[in-house]
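Undergrad: My structure is in data-v2.txt, and what it holds is compact mmCIF, C-alpha atoms:
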```txt
# COMPACT_ATOMS: atom_id res chain seq x y z
CA MET A 5 -8.95 -18.18 13.58
CA ALA A 6 -8.48 -20.65 10.75
CA ARG A 7 -9.63 -18.25 8.08
CA GLU A 8 -6.88 -15.71 7.52
CA GLY A 9 -4.18 -16.44 10.00
CA SER A 10 -4.09 -15.60 13.69
CA ASP A 11 -5.90 -12.71 15.38
CA ASP A 12 -2.68 -10.69 15.18
CA ILE A 13 -2.40 -11.28 11.44
CA GLN A 14 -6.03 -10.27 10.96
CA ALA A 15 -5.47 -7.13 13.05
CA LEU A 16 -2.36 -6.33 11.02
CA ILE A 17 -4.26 -6.73 7.74
CA ALA A 18 -7.04 -4.46 9.08
CA GLN A 19 -4.53 -1.78 10.05
CA VAL A 20 -2.66 -1.93 6.75
CA ALA A 21 -6.02 -1.75 4.90
CA ARG A 22 -6.69 1.63 6.57
CA LEU A 23 -3.61 3.23 5.02
CA PRO A 24 -4.25 5.60 2.11
CA GLY A 25 -4.46 3.84 -1.26
CA LEU A 26 -4.77 0.36 0.27
CA GLY A 27 -7.81 -1.86 0.81
CA PRO A 28 -8.50 -5.31 2.25
CA ARG A 29 -7.19 -7.14 -0.81
CA SER A 30 -3.94 -5.19 -1.22
CA ALA A 31 -3.43 -5.29 2.57
CA ARG A 32 -3.58 -9.11 2.45
CA ARG A 33 -0.98 -9.16 -0.33
CA VAL A 34 1.29 -6.79 1.58
CA VAL A 35 1.02 -8.74 4.84
CA LEU A 36 1.61 -12.10 3.13
CA ALA A 37 4.66 -10.70 1.32
CA LEU A 38 5.98 -9.36 4.63
CA ILE A 39 5.41 -12.66 6.46
CA ARG A 40 7.27 -14.44 3.70
CA ARG A 41 10.28 -12.22 4.52
CA ARG A 42 9.56 -11.99 8.23
CA ALA A 43 13.12 -12.57 9.43
CA THR A 44 14.57 -9.72 7.37
CA GLN A 45 12.29 -7.16 5.73
CA MET A 46 9.36 -7.35 8.18
CA THR A 47 11.47 -7.06 11.34
CA GLN A 48 13.46 -4.17 9.83
CA LEU A 49 10.34 -2.34 8.70
CA ALA A 50 8.72 -2.68 12.13
CA ALA A 51 11.83 -1.33 13.86
CA LEU A 52 12.20 1.57 11.43
CA MET A 53 8.52 2.44 11.78
CA ALA A 54 8.76 2.43 15.57
CA ARG A 55 11.86 4.65 15.42
CA VAL A 56 10.29 7.19 13.04
CA ALA A 57 7.11 7.28 15.18
CA GLU A 58 9.31 7.95 18.20
CA THR A 59 11.60 10.63 16.74
CA SER A 60 9.26 12.55 14.41
CA ARG A 61 7.63 15.76 15.52
CA GLU A 62 6.24 18.93 13.99
CA CYS A 63 8.51 21.91 13.38
CA VAL A 64 7.21 24.50 15.84
CA ARG A 65 7.68 27.24 13.25
CA CYS A 66 6.45 25.89 9.91
CA GLY A 67 4.66 22.58 10.56
CA ASN A 68 7.10 20.49 8.48
CA ILE A 69 8.18 17.10 9.88
CA ALA A 70 11.23 17.54 12.08
CA GLU A 71 13.42 15.61 14.49
CA ALA A 72 14.26 18.71 16.53
CA GLU A 73 12.26 21.79 17.56
CA LEU A 74 12.94 23.29 14.13
CA CYS A 75 12.97 21.39 10.82
CA PRO A 76 16.18 21.46 8.74
CA ILE A 77 14.76 24.21 6.52
CA CYS A 78 13.81 26.51 9.41
CA ALA A 79 17.14 25.75 11.10
CA ASP A 80 19.06 26.83 7.98
CA PRO A 81 19.71 30.61 8.16
CA GLY A 82 20.46 30.62 4.42
CA ARG A 83 16.76 30.07 3.72
CA ALA A 84 15.59 33.20 5.54
CA ASN A 85 15.46 35.27 2.34
CA GLY A 86 12.10 36.93 2.98
CA GLU A 87 10.15 34.53 0.75
CA LEU A 88 7.51 32.39 2.49
CA CYS A 89 5.76 29.62 0.58
CA VAL A 90 2.38 28.55 2.01
CA VAL A 91 1.45 24.91 1.28
CA GLU A 92 -1.44 22.68 2.29
CA SER A 93 0.54 19.66 3.44
CA VAL A 94 3.99 18.25 4.11
CA ALA A 95 3.55 16.22 0.91
CA ASP A 96 3.25 19.50 -1.02
CA LEU A 97 6.31 20.89 0.77
CA TRP A 98 8.27 17.79 -0.31
CA ALA A 99 7.00 18.23 -3.87
CA MET A 100 8.24 21.86 -3.88
CA GLU A 101 11.61 20.75 -2.50
CA ARG A 102 11.95 18.08 -5.19
CA GLY A 103 11.63 20.90 -7.73
CA ARG A 104 14.69 22.54 -6.07
CA ALA A 105 13.49 25.92 -7.33
CA PHE A 106 12.42 27.63 -4.10
CA PRO A 107 15.17 29.07 -1.87
CA GLY A 108 12.96 30.42 0.95
CA ARG A 109 10.99 28.98 3.84
CA TYR A 110 7.61 27.27 4.11
CA HIS A 111 4.44 27.35 6.13
CA VAL A 112 2.35 24.16 6.23
CA LEU A 113 -1.36 24.84 6.81
CA GLY A 114 -2.29 21.20 7.33
CA GLY A 115 -5.45 21.51 5.26
CA THR A 116 -7.76 23.99 3.56
CA LEU A 117 -10.71 26.08 4.66
CA SER A 118 -13.90 24.07 4.31
CA ALA A 119 -17.38 25.14 5.36
CA LEU A 120 -18.57 21.56 4.85
CA ASP A 121 -16.00 20.00 7.15
CA GLU A 122 -16.19 23.00 9.53
CA VAL A 123 -12.52 23.91 9.06
CA GLY A 124 -12.12 27.63 9.82
CA PRO A 125 -9.09 29.99 9.79
CA ASP A 126 -8.27 29.19 13.42
CA ASP A 127 -8.16 25.43 12.73
CA LEU A 128 -5.51 26.04 10.05
CA GLY A 129 -3.54 28.40 12.30
CA ILE A 130 -3.94 31.29 9.87
CA PRO A 131 -3.66 33.89 12.69
CA ARG A 132 -0.29 32.27 13.57
CA LEU A 133 0.75 32.50 9.90
CA LEU A 134 -0.12 36.24 9.83
CA ASP A 135 1.90 36.79 13.03
CA ARG A 136 4.80 34.94 11.50
CA ILE A 137 4.69 37.06 8.34
CA ALA A 138 4.79 40.21 10.50
CA GLU A 139 7.62 38.96 12.73
CA GLU A 140 9.99 37.42 10.20
CA ASN A 141 10.47 40.33 7.76
CA VAL A 142 8.69 38.42 5.02
CA THR A 143 8.62 40.37 1.75
CA GLU A 144 6.74 37.89 -0.46
CA VAL A 145 4.14 35.27 0.39
CA ILE A 146 3.78 32.61 -2.33
CA LEU A 147 0.46 30.82 -1.98
CA ALA A 148 1.31 27.38 -3.43
CA LEU A 149 -2.10 25.88 -2.65
CA ASN A 150 -3.71 23.24 -4.81
CA ALA A 151 -5.77 24.43 -7.77
CA THR A 152 -8.94 23.02 -6.21
CA VAL A 153 -11.97 24.98 -5.01
CA GLU A 154 -10.89 24.58 -1.36
CA GLY A 155 -7.27 25.46 -2.12
CA GLN A 156 -8.23 28.60 -4.03
CA THR A 157 -10.77 29.66 -1.36
CA THR A 158 -8.02 29.39 1.24
CA ALA A 159 -5.61 31.33 -0.99
CA HIS A 160 -8.17 34.13 -1.41
CA TYR A 161 -8.78 34.30 2.32
CA ILE A 162 -5.06 34.65 3.08
CA ALA A 163 -4.54 37.16 0.24
CA GLU A 164 -7.38 39.32 1.59
CA ALA A 165 -6.00 39.19 5.12
CA LEU A 166 -2.66 40.49 3.81
CA GLU A 167 -4.18 43.18 1.57
CA GLY A 168 -2.92 46.71 2.20
CA GLY A 169 0.24 45.50 3.95
CA SER A 170 3.76 45.75 2.56
CA VAL A 171 3.97 42.05 1.67
CA ALA A 172 3.70 40.97 -1.96
CA VAL A 173 1.23 38.08 -2.33
CA THR A 174 1.71 35.76 -5.32
CA GLY A 175 0.39 32.42 -6.53
CA LEU A 176 1.84 29.68 -8.73
CA ALA A 177 1.22 30.16 -12.47
CA HIS A 178 -1.39 28.03 -14.21
CA GLY A 179 -0.47 26.56 -17.57
CA VAL A 180 0.51 23.54 -19.61
CA PRO A 181 2.64 21.09 -17.57
CA ILE A 182 6.11 20.42 -19.03
CA GLY A 183 5.72 17.40 -21.30
CA GLY A 184 1.93 17.82 -21.24
CA GLU A 185 -0.21 17.34 -24.34
CA LEU A 186 -2.96 19.84 -25.10
CA ASP A 187 -5.36 17.08 -26.08
CA PHE A 188 -5.25 15.64 -22.56
CA LEU A 189 -5.62 18.95 -20.72
CA ASP A 190 -8.87 20.29 -19.35
CA ASP A 191 -10.37 23.43 -20.90
CA GLY A 192 -9.73 25.56 -17.81
CA THR A 193 -6.00 24.93 -17.95
CA ILE A 194 -5.85 25.67 -21.67
CA SER A 195 -7.69 29.00 -21.26
CA ALA A 196 -5.46 29.93 -18.31
CA ALA A 197 -2.36 29.12 -20.35
CA LEU A 198 -3.68 31.17 -23.26
CA ARG A 199 -4.49 34.20 -21.09
CA ALA A 200 -1.00 34.04 -19.55
CA ARG A 201 0.74 33.55 -22.92
CA ARG A 202 4.28 34.90 -23.27
CA ARG A 203 6.32 36.25 -26.16
CA LEU A 204 8.97 33.73 -27.25
CA MET B 3 18.34 15.80 4.50
CA ALA B 4 16.02 18.71 3.83
CA ARG B 5 14.33 17.08 0.91
CA GLU B 6 11.98 14.40 2.21
CA GLY B 7 12.44 14.20 5.92
CA SER B 8 15.28 12.56 7.83
CA ASP B 9 17.38 9.62 6.67
CA ASP B 10 15.10 7.32 8.68
CA ILE B 11 12.00 8.69 6.94
CA GLN B 12 13.64 8.25 3.55
CA ALA B 13 14.64 4.68 4.46
CA LEU B 14 11.08 3.99 5.64
CA ILE B 15 9.63 5.33 2.36
CA ALA B 16 12.08 3.18 0.39
CA GLN B 17 11.07 0.06 2.35
CA VAL B 18 7.34 0.72 2.02
CA ALA B 19 7.83 1.36 -1.72
CA ARG B 20 9.18 -2.21 -2.10
CA LEU B 21 5.92 -3.77 -0.87
CA PRO B 22 3.70 -5.35 -3.55
CA GLY B 23 1.35 -2.85 -5.20
CA LEU B 24 3.14 0.20 -3.80
CA GLY B 25 5.63 2.55 -5.43
CA PRO B 26 7.57 5.66 -4.40
CA ARG B 27 4.56 7.97 -4.65
CA SER B 28 2.10 5.80 -2.71
CA ALA B 29 4.84 4.99 -0.18
CA ARG B 30 5.28 8.72 0.50
CA ARG B 31 1.52 9.08 1.05
CA VAL B 32 1.44 6.09 3.39
CA VAL B 33 4.43 7.28 5.43
CA LEU B 34 3.09 10.84 5.71
CA ALA B 35 -0.32 9.54 6.82
CA LEU B 36 1.40 7.35 9.42
CA ILE B 37 3.59 10.19 10.72
CA ARG B 38 0.48 12.33 11.07
CA ARG B 39 -0.89 9.66 13.42
CA ARG B 40 2.48 8.68 14.86
CA ALA B 41 1.38 8.54 18.50
CA THR B 42 -1.44 6.07 17.87
CA GLN B 43 -1.69 4.24 14.56
CA MET B 44 2.00 4.22 13.63
CA THR B 45 3.25 2.98 17.01
CA GLN B 46 0.55 0.29 17.11
CA LEU B 47 1.28 -0.85 13.56
CA ALA B 48 5.02 -1.10 14.26
CA ALA B 49 4.40 -3.17 17.41
CA LEU B 50 1.91 -5.46 15.70
CA MET B 51 4.26 -5.95 12.75
CA ALA B 52 7.14 -6.84 15.05
CA ARG B 53 4.91 -9.30 16.95
CA VAL B 54 3.65 -11.04 13.79
CA ALA B 55 7.23 -11.25 12.43
CA GLU B 56 8.26 -12.83 15.72
CA THR B 57 5.42 -15.35 16.13
CA SER B 58 4.71 -16.42 12.52
CA ARG B 59 6.16 -19.59 11.11
CA GLU B 60 5.37 -22.15 8.45
CA CYS B 61 3.16 -25.12 9.27
CA VAL B 62 5.55 -28.07 9.03
CA ARG B 63 2.86 -30.16 7.38
CA CYS B 64 1.10 -27.98 4.83
CA GLY B 65 3.08 -24.74 4.49
CA ASN B 66 0.25 -22.49 5.73
CA ILE B 67 1.15 -19.67 8.12
CA ALA B 68 1.08 -20.92 11.69
CA GLU B 69 1.94 -19.84 15.20
CA ALA B 70 2.70 -23.38 16.33
CA GLU B 71 4.30 -26.36 14.63
CA LEU B 72 0.97 -27.11 12.94
CA CYS B 73 -1.43 -24.51 11.54
CA PRO B 74 -5.00 -24.45 12.95
CA ILE B 75 -6.29 -26.44 9.96
CA CYS B 76 -3.72 -29.23 10.31
CA ALA B 77 -4.23 -29.24 14.09
CA ASP B 78 -7.98 -29.75 13.65
CA PRO B 79 -8.70 -33.52 13.49
CA GLY B 80 -12.13 -32.74 12.00
CA ARG B 81 -10.44 -31.66 8.76
CA ALA B 82 -8.70 -35.01 8.17
CA ASN B 83 -11.43 -36.25 5.83
CA GLY B 84 -9.16 -37.67 3.12
CA GLU B 85 -9.49 -34.63 0.85
CA LEU B 86 -6.30 -32.69 0.17
CA CYS B 87 -6.43 -29.40 -1.71
CA VAL B 88 -3.18 -28.33 -3.38
CA VAL B 89 -2.77 -24.54 -3.77
CA GLU B 90 0.02 -22.31 -5.04
CA SER B 91 0.17 -19.84 -2.16
CA VAL B 92 -1.15 -19.00 1.30
CA ALA B 93 -3.19 -16.25 -0.39
CA ASP B 94 -4.97 -18.96 -2.43
CA LEU B 95 -5.52 -21.03 0.73
CA TRP B 96 -7.14 -18.00 2.38
CA ALA B 97 -9.30 -17.47 -0.73
CA MET B 98 -10.49 -21.11 -0.53
CA GLU B 99 -11.23 -20.71 3.20
CA ARG B 100 -13.24 -17.54 2.55
CA GLY B 101 -15.44 -19.65 0.26
CA ARG B 102 -16.13 -21.92 3.29
CA ALA B 103 -16.82 -24.78 0.88
CA PHE B 104 -13.84 -27.05 1.46
CA PRO B 105 -13.86 -29.26 4.59
CA GLY B 106 -10.46 -30.99 4.10
CA ARG B 107 -6.81 -30.04 4.44
CA TYR B 108 -4.41 -28.10 2.25
CA HIS B 109 -0.94 -28.31 0.82
CA VAL B 110 0.78 -25.03 -0.14
CA LEU B 111 3.32 -25.44 -2.93
CA GLY B 112 4.75 -21.94 -2.60
CA GLY B 113 4.90 -21.44 -6.37
CA THR B 114 4.60 -23.24 -9.69
CA LEU B 115 6.94 -25.22 -11.89
CA SER B 116 8.78 -22.88 -14.23
CA ALA B 117 11.54 -23.79 -16.67
CA LEU B 118 12.28 -20.09 -17.15
CA ASP B 119 12.81 -19.38 -13.46
CA GLU B 120 14.43 -22.79 -12.93
CA VAL B 121 11.78 -23.95 -10.44
CA GLY B 122 11.70 -27.75 -10.49
CA PRO B 123 9.59 -30.33 -8.59
CA ASP B 124 12.13 -30.45 -5.72
CA ASP B 125 11.97 -26.68 -5.22
CA LEU B 126 8.21 -26.94 -4.71
CA GLY B 127 8.53 -29.91 -2.36
CA ILE B 128 6.48 -32.13 -4.68
CA PRO B 129 8.24 -35.32 -3.44
CA ARG B 130 7.16 -34.31 0.09
CA LEU B 131 3.59 -33.79 -1.17
CA LEU B 132 3.58 -37.29 -2.71
CA ASP B 133 4.90 -38.78 0.57
CA ARG B 134 2.19 -36.93 2.46
CA ILE B 135 -0.54 -38.25 0.14
CA ALA B 136 0.71 -41.81 0.75
CA GLU B 137 1.01 -41.40 4.53
CA GLU B 138 -2.22 -39.57 5.35
CA ASN B 139 -4.82 -41.86 3.76
CA VAL B 140 -5.71 -39.20 1.19
CA THR B 141 -8.53 -40.36 -1.08
CA GLU B 142 -8.87 -37.27 -3.29
CA VAL B 143 -6.35 -34.63 -4.33
CA ILE B 144 -7.97 -31.41 -5.55
CA LEU B 145 -5.52 -29.41 -7.64
CA ALA B 146 -6.74 -25.84 -7.03
CA LEU B 147 -3.94 -24.23 -9.00
CA ASN B 148 -4.39 -21.01 -10.94
CA ALA B 149 -5.70 -21.30 -14.49
CA THR B 150 -2.41 -19.94 -15.88
CA VAL B 151 0.09 -21.80 -18.06
CA GLU B 152 2.43 -22.36 -15.07
CA GLY B 153 -0.43 -23.41 -12.78
CA GLN B 154 -1.78 -25.91 -15.27
CA THR B 155 1.70 -27.28 -16.06
CA THR B 156 2.21 -27.90 -12.36
CA ALA B 157 -1.23 -29.51 -12.07
CA HIS B 158 -0.42 -31.88 -14.97
CA TYR B 159 2.90 -32.82 -13.42
CA ILE B 160 1.29 -33.72 -10.09
CA ALA B 161 -1.62 -35.55 -11.78
CA GLU B 162 0.86 -37.65 -13.78
CA ALA B 163 2.90 -38.49 -10.69
CA LEU B 164 -0.27 -39.78 -9.02
CA GLU B 165 -1.50 -41.73 -12.07
CA GLY B 166 -2.17 -45.41 -11.47
CA GLY B 167 -2.50 -44.96 -7.70
CA SER B 168 -5.70 -45.25 -5.68
CA VAL B 169 -6.08 -41.50 -5.23
CA ALA B 170 -8.70 -39.58 -7.24
CA VAL B 171 -7.17 -36.44 -8.78
CA THR B 172 -9.55 -33.58 -9.56
CA GLY B 173 -9.32 -29.93 -10.55
CA LEU B 174 -11.58 -26.93 -10.05
CA ALA B 175 -14.26 -26.52 -12.72
CA HIS B 176 -13.86 -23.83 -15.36
CA GLY B 177 -16.91 -21.74 -16.18
CA VAL B 178 -18.76 -18.46 -15.91
CA PRO B 179 -18.06 -16.73 -12.55
CA ILE B 180 -21.19 -16.14 -10.44
CA GLY B 181 -22.41 -12.66 -11.38
CA GLY B 182 -20.21 -12.71 -14.50
CA GLU B 183 -21.39 -11.37 -17.84
CA LEU B 184 -20.65 -13.35 -20.99
CA ASP B 185 -19.73 -10.21 -22.89
CA PHE B 186 -16.79 -9.58 -20.55
CA LEU B 187 -15.51 -13.18 -20.50
CA ASP B 188 -12.66 -14.45 -22.63
CA ASP B 189 -13.37 -17.00 -25.37
CA GLY B 190 -11.54 -19.82 -23.57
CA THR B 191 -13.77 -19.54 -20.50
CA ILE B 192 -16.92 -19.47 -22.62
CA SER B 193 -15.89 -22.60 -24.55
CA ALA B 194 -14.94 -24.37 -21.32
CA ALA B 195 -18.32 -23.46 -19.78
CA LEU B 196 -20.11 -24.69 -22.92
CA ARG B 197 -18.26 -28.01 -22.99
CA ALA B 198 -19.06 -28.56 -19.30
CA ARG B 199 -22.71 -27.51 -19.66
CA ARG B 200 -25.20 -29.10 -17.28
CA ARG B 201 -28.88 -30.02 -17.53
CA LEU B 202 -31.01 -27.57 -15.47
```
Represent the structure contained in this file as structure tokens.
TA:
Amino acid sequence: MAREGSDDIQALIAQVARLPGLGPRSARRVVLALIRRRATQMTQLAALMARVAETSRECVRCGNIAEAELCPICADPGRANGELCVVESVADLWAMERGRAFPGRYHVLGGTLSALDEVGPDDLGIPRLLDRIAEENVTEVILALNATVEGQTTAHYIAEALEGGSVAVTGLAHGVPIGGELDFLDDGTISAALRARRRL
Amino acid sequence: MAREGSDDIQALIAQVARLPGLGPRSARRVVLALIRRRATQMTQLAALMARVAETSRECVRCGNIAEAELCPICADPGRANGELCVVESVADLWAMERGRAFPGRYHVLGGTLSALDEVGPDDLGIPRLLDRIAEENVTEVILALNATVEGQTTAHYIAEALEGGSVAVTGLAHGVPIGGELDFLDDGTISAALRARRRL
């Protein structure tokens, strides 16, 4: 009891320490900073967190975070342009949206295929994705999966399942990031960028 | 609205991003991880945070976090042994307690003297500390302040204010940390450890 505050404070530190990117030491710092501003920031944060936990749900169509049955993107008829972008996570969907370059709709898999973790096509809802592609007059599926082994395995699986249909299947280009320096890039990226070189 | 969740989610990310050690990117990760476990972890964390904000207060005697007027250390008569350890923050008090080596009581300054930030002795409650030392039959004051310029300035100020009284004023020893390698230590620590060398 005397060591690091009350049982509640210790429980709070333990819970904060389980959040991604935090550990016991940073959780202590966070909790102490919150307690220092307990009357304002901490009370507000607790209320906001409770409200978001209460009102958030999954979009029944794409898996994005929503407050209604459909997320704002699925509810917007202007985004039904036949392009469907498949992403691993909501974080990736947000990253795509920050780029403001994609006018179509999304499908969030919620993970990647993994033999090791026993994640199969059914766990990712890939049959549901294929149904959706058939039902929604999709003309192009953009597989915006991470350039990791698992991401690319998943992309190949989906591409094969769509082979022979009328849907174009594309993937994001590999290359030098804007502002990137060659010296800091891995060899794979440099070869990919060289193979995909373009006339200026 | 469509970009990174609802207004509430954006507000939650902004609040989490203000916590020490977190930024916009890690705040997004934390909030997404919480929303994924909104029914369990997120609701629990919000409730716990609200409860700690509600029940936490400052110990009227030492400045530690407490749930009553006195913190568990000040409420424990067994810790009134005449030794008073002065620390900068509650985090430092917790660090001392983890060491389980100090049997006395604490005094939390809540900062250090700083001409730049206009923090003077009154802002740190140093007059109150001096009153406390006089009232509580303190025989030794251990200045466990950080080995930074501000920490040491504050330690000197308190030591001078106590000069000529009957109270012994001590500071933590400088030296090689347990498990530390000389090659990774700064020159100041090595010289301090050499000057304070002990016969084995």
Undergrad: Specify as a PyMOL selection string all residues of chain B found within 9 Å of chain A, counting only C-alpha atoms.
TA: chain B and resi 3-8+10-11+13-14+17-18+21-24+28+30-37+39-41+43-56+58-59+66-69+73-75+92-93+95-97+99-100+102
Undergrad: Go ahead and save the picked residues with C-alpha atoms, as a PDB file, in the frame of the given file.
TA:
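Output contents, as saved in out13.pdb:
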```pdb
ATOM      1  CA  MET B   3      18.340  15.800   4.500  1.00  0.00           C
ATOM      2  CA  ALA B   4      16.020  18.710   3.830  1.00  0.00           C
ATOM      3  CA  ARG B   5      14.330  17.080   0.910  1.00  0.00           C
ATOM      4  CA  GLU B   6      11.980  14.400   2.210  1.00  0.00           C
ATOM      5  CA  GLY B   7      12.440  14.200   5.920  1.00  0.00           C
ATOM      6  CA  SER B   8      15.280  12.560   7.830  1.00  0.00           C
ATOM      7  CA  ASP B  10      15.100   7.320   8.680  1.00  0.00           C
ATOM      8  CA  ILE B  11      12.000   8.690   6.940  1.00  0.00           C
ATOM      9  CA  ALA B  13      14.640   4.680   4.460  1.00  0.00           C
ATOM     10  CA  LEU B  14      11.080   3.990   5.640  1.00  0.00           C
ATOM     11  CA  GLN B  17      11.070   0.060   2.350  1.00  0.00           C
ATOM     12  CA  VAL B  18       7.340   0.720   2.020  1.00  0.00           C
ATOM     13  CA  LEU B  21       5.920  -3.770  -0.870  1.00  0.00           C
ATOM     14  CA  PRO B  22       3.700  -5.350  -3.550  1.00  0.00           C
ATOM     15  CA  GLY B  23       1.350  -2.850  -5.200  1.00  0.00           C
ATOM     16  CA  LEU B  24       3.140   0.200  -3.800  1.00  0.00           C
ATOM     17  CA  SER B  28       2.100   5.800  -2.710  1.00  0.00           C
ATOM     18  CA  ARG B  30       5.280   8.720   0.500  1.00  0.00           C
ATOM     19  CA  ARG B  31       1.520   9.080   1.050  1.00  0.00           C
ATOM     20  CA  VAL B  32       1.440   6.090   3.390  1.00  0.00           C
ATOM     21  CA  VAL B  33       4.430   7.280   5.430  1.00  0.00           C
ATOM     22  CA  LEU B  34       3.090  10.840   5.710  1.00  0.00           C
ATOM     23  CA  ALA B  35      -0.320   9.540   6.820  1.00  0.00           C
ATOM     24  CA  LEU B  36       1.400   7.350   9.420  1.00  0.00           C
ATOM     25  CA  ILE B  37       3.590  10.190  10.720  1.00  0.00           C
ATOM     26  CA  ARG B  39      -0.890   9.660  13.420  1.00  0.00           C
ATOM     27  CA  ARG B  40       2.480   8.680  14.860  1.00  0.00           C
ATOM     28  CA  ALA B  41       1.380   8.540  18.500  1.00  0.00           C
ATOM     29  CA  GLN B  43      -1.690   4.240  14.560  1.00  0.00           C
ATOM     30  CA  MET B  44       2.000   4.220  13.630  1.00  0.00           C
ATOM     31  CA  THR B  45       3.250   2.980  17.010  1.00  0.00           C
ATOM     32  CA  GLN B  46       0.550   0.290  17.110  1.00  0.00           C
ATOM     33  CA  LEU B  47       1.280  -0.850  13.560  1.00  0.00           C
ATOM     34  CA  ALA B  48       5.020  -1.100  14.260  1.00  0.00           C
ATOM     35  CA  ALA B  49       4.400  -3.170  17.410  1.00  0.00           C
ATOM     36  CA  LEU B  50       1.910  -5.460  15.700  1.00  0.00           C
ATOM     37  CA  MET B  51       4.260  -5.950  12.750  1.00  0.00           C
ATOM     38  CA  ALA B  52       7.140  -6.840  15.050  1.00  0.00           C
ATOM     39  CA  ARG B  53       4.910  -9.300  16.950  1.00  0.00           C
ATOM     40  CA  VAL B  54       3.650 -11.040  13.790  1.00  0.00           C
ATOM     41  CA  ALA B  55       7.230 -11.250  12.430  1.00  0.00           C
ATOM     42  CA  GLU B  56       8.260 -12.830  15.720  1.00  0.00           C
ATOM     43  CA  SER B  58       4.710 -16.420  12.520  1.00  0.00           C
ATOM     44  CA  ARG B  59       6.160 -19.590  11.110  1.00  0.00           C
ATOM     45  CA  ASN B  66       0.250 -22.490   5.730  1.00  0.00           C
ATOM     46  CA  ILE B  67       1.150 -19.670   8.120  1.00  0.00           C
ATOM     47  CA  ALA B  68       1.080 -20.920  11.690  1.00  0.00           C
ATOM     48  CA  GLU B  69       1.940 -19.840  15.200  1.00  0.00           C
ATOM     49  CA  CYS B  73      -1.430 -24.510  11.540  1.00  0.00           C
ATOM     50  CA  PRO B  74      -5.000 -24.450  12.950  1.00  0.00           C
ATOM     51  CA  ILE B  75      -6.290 -26.440   9.960  1.00  0.00           C
ATOM     52  CA  VAL B  92      -1.150 -19.000   1.300  1.00  0.00           C
ATOM     53  CA  ALA B  93      -3.190 -16.250  -0.390  1.00  0.00           C
ATOM     54  CA  LEU B  95      -5.520 -21.030   0.730  1.00  0.00           C
ATOM     55  CA  TRP B  96      -7.140 -18.000   2.380  1.00  0.00           C
ATOM     56  CA  ALA B  97      -9.300 -17.470  -0.730  1.00  0.00           C
ATOM     57  CA  GLU B  99     -11.230 -20.710   3.200  1.00  0.00           C
ATOM     58  CA  ARG B 100     -13.240 -17.540   2.550  1.00  0.00           C
ATOM     59  CA  ARG B 102     -16.130 -21.920   3.290  1.00  0.00           C
TER      60      ARG B 102
END
```
Undergrad: Report, in Å to a single decimal, how far apart CA of Leu118 (chain B) and CA of Arg63 (chain B) are.
TA: 28.1 Å
Undergrad: Between B:Gly106, B:Gly25, B:Gly80, B:Gly113, which is the closest to Gly65 (chain B) once you count all atoms listed in the file?
TA: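 Of the candidates, the smallest distance to Gly65 (chain B) is held by B:Gly113.
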Undergrad: Name the closest residue to His109 (chain B) among the candidates B:Ile192, B:Ala136, B:Cys61, B:Ala70; distances are taken between atoms, counting only C-alpha atoms.
TA: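 Looking at the shortest contact to His109 (chain B), the residue is B:Cys61.
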Undergrad: What separation in Å, quoted to one decimal, exists between CA of Ala82 (chain B) and CA of Leu132 (chain B)?
TA: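 Computing the Euclidean distance for CA of Ala82 (chain B) and CA of Leu132 (chain B) yields 16.6 Å.
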Undergrad: Give me, as a ChimeraX atom specification, all polymer residues having an atom no more than 8 Å from Thr174 (chain A), counting only C-alpha atoms and skipping those fewer than 6 positions away in the same chain.
TA: /A:144-147
Undergrad: Only C-alpha atoms, please: the residues just picked out, written as a short mmCIF file (atom, residue, chain, number, x, y, z; two decimals), in the frame of the given file.
TA:
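The resulting file, again02.cif, is reproduced below:
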```cif
data_model
loop_
_atom_site.label_atom_id
_atom_site.label_comp_id
_atom_site.auth_asym_id
_atom_site.auth_seq_id
_atom_site.Cartn_x
_atom_site.Cartn_y
_atom_site.Cartn_z
CA GLU A 144 6.74 37.89 -0.46
CA VAL A 145 4.14 35.27 0.39
CA ILE A 146 3.78 32.61 -2.33
CA LEU A 147 0.46 30.82 -1.98
#
```
Undergrad: Is it possible to produce a file of region 22-28 of chain B from this structure, with N, CA and C atoms, as a CSV table (one decimal), in the first residue's frame?
TA:
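New file part-v2.csv:
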```csv
chain,number,residue,atom,x,y,z
B,22,PRO,N,2.8,12.7,-20.8
B,22,PRO,CA,4.2,12.7,-21.0
B,22,PRO,C,4.7,11.4,-21.7
B,23,GLY,N,5.6,11.6,-22.7
B,23,GLY,CA,6.1,10.4,-23.4
B,23,GLY,C,5.3,10.0,-24.6
B,24,LEU,N,4.1,10.6,-24.8
B,24,LEU,CA,3.3,10.2,-25.9
B,24,LEU,C,3.2,11.4,-26.9
B,25,GLY,N,2.9,11.1,-28.1
B,25,GLY,CA,2.7,12.1,-29.2
B,25,GLY,C,1.5,11.7,-30.0
B,26,PRO,N,1.3,12.4,-31.1
B,26,PRO,CA,0.1,12.1,-31.9
B,26,PRO,C,0.1,10.7,-32.4
B,27,ARG,N,1.2,10.2,-32.9
B,27,ARG,CA,1.2,8.8,-33.4
B,27,ARG,C,1.0,7.7,-32.4
B,28,SER,N,1.7,7.8,-31.3
B,28,SER,CA,1.5,6.8,-30.2
B,28,SER,C,0.1,6.9,-29.6
```
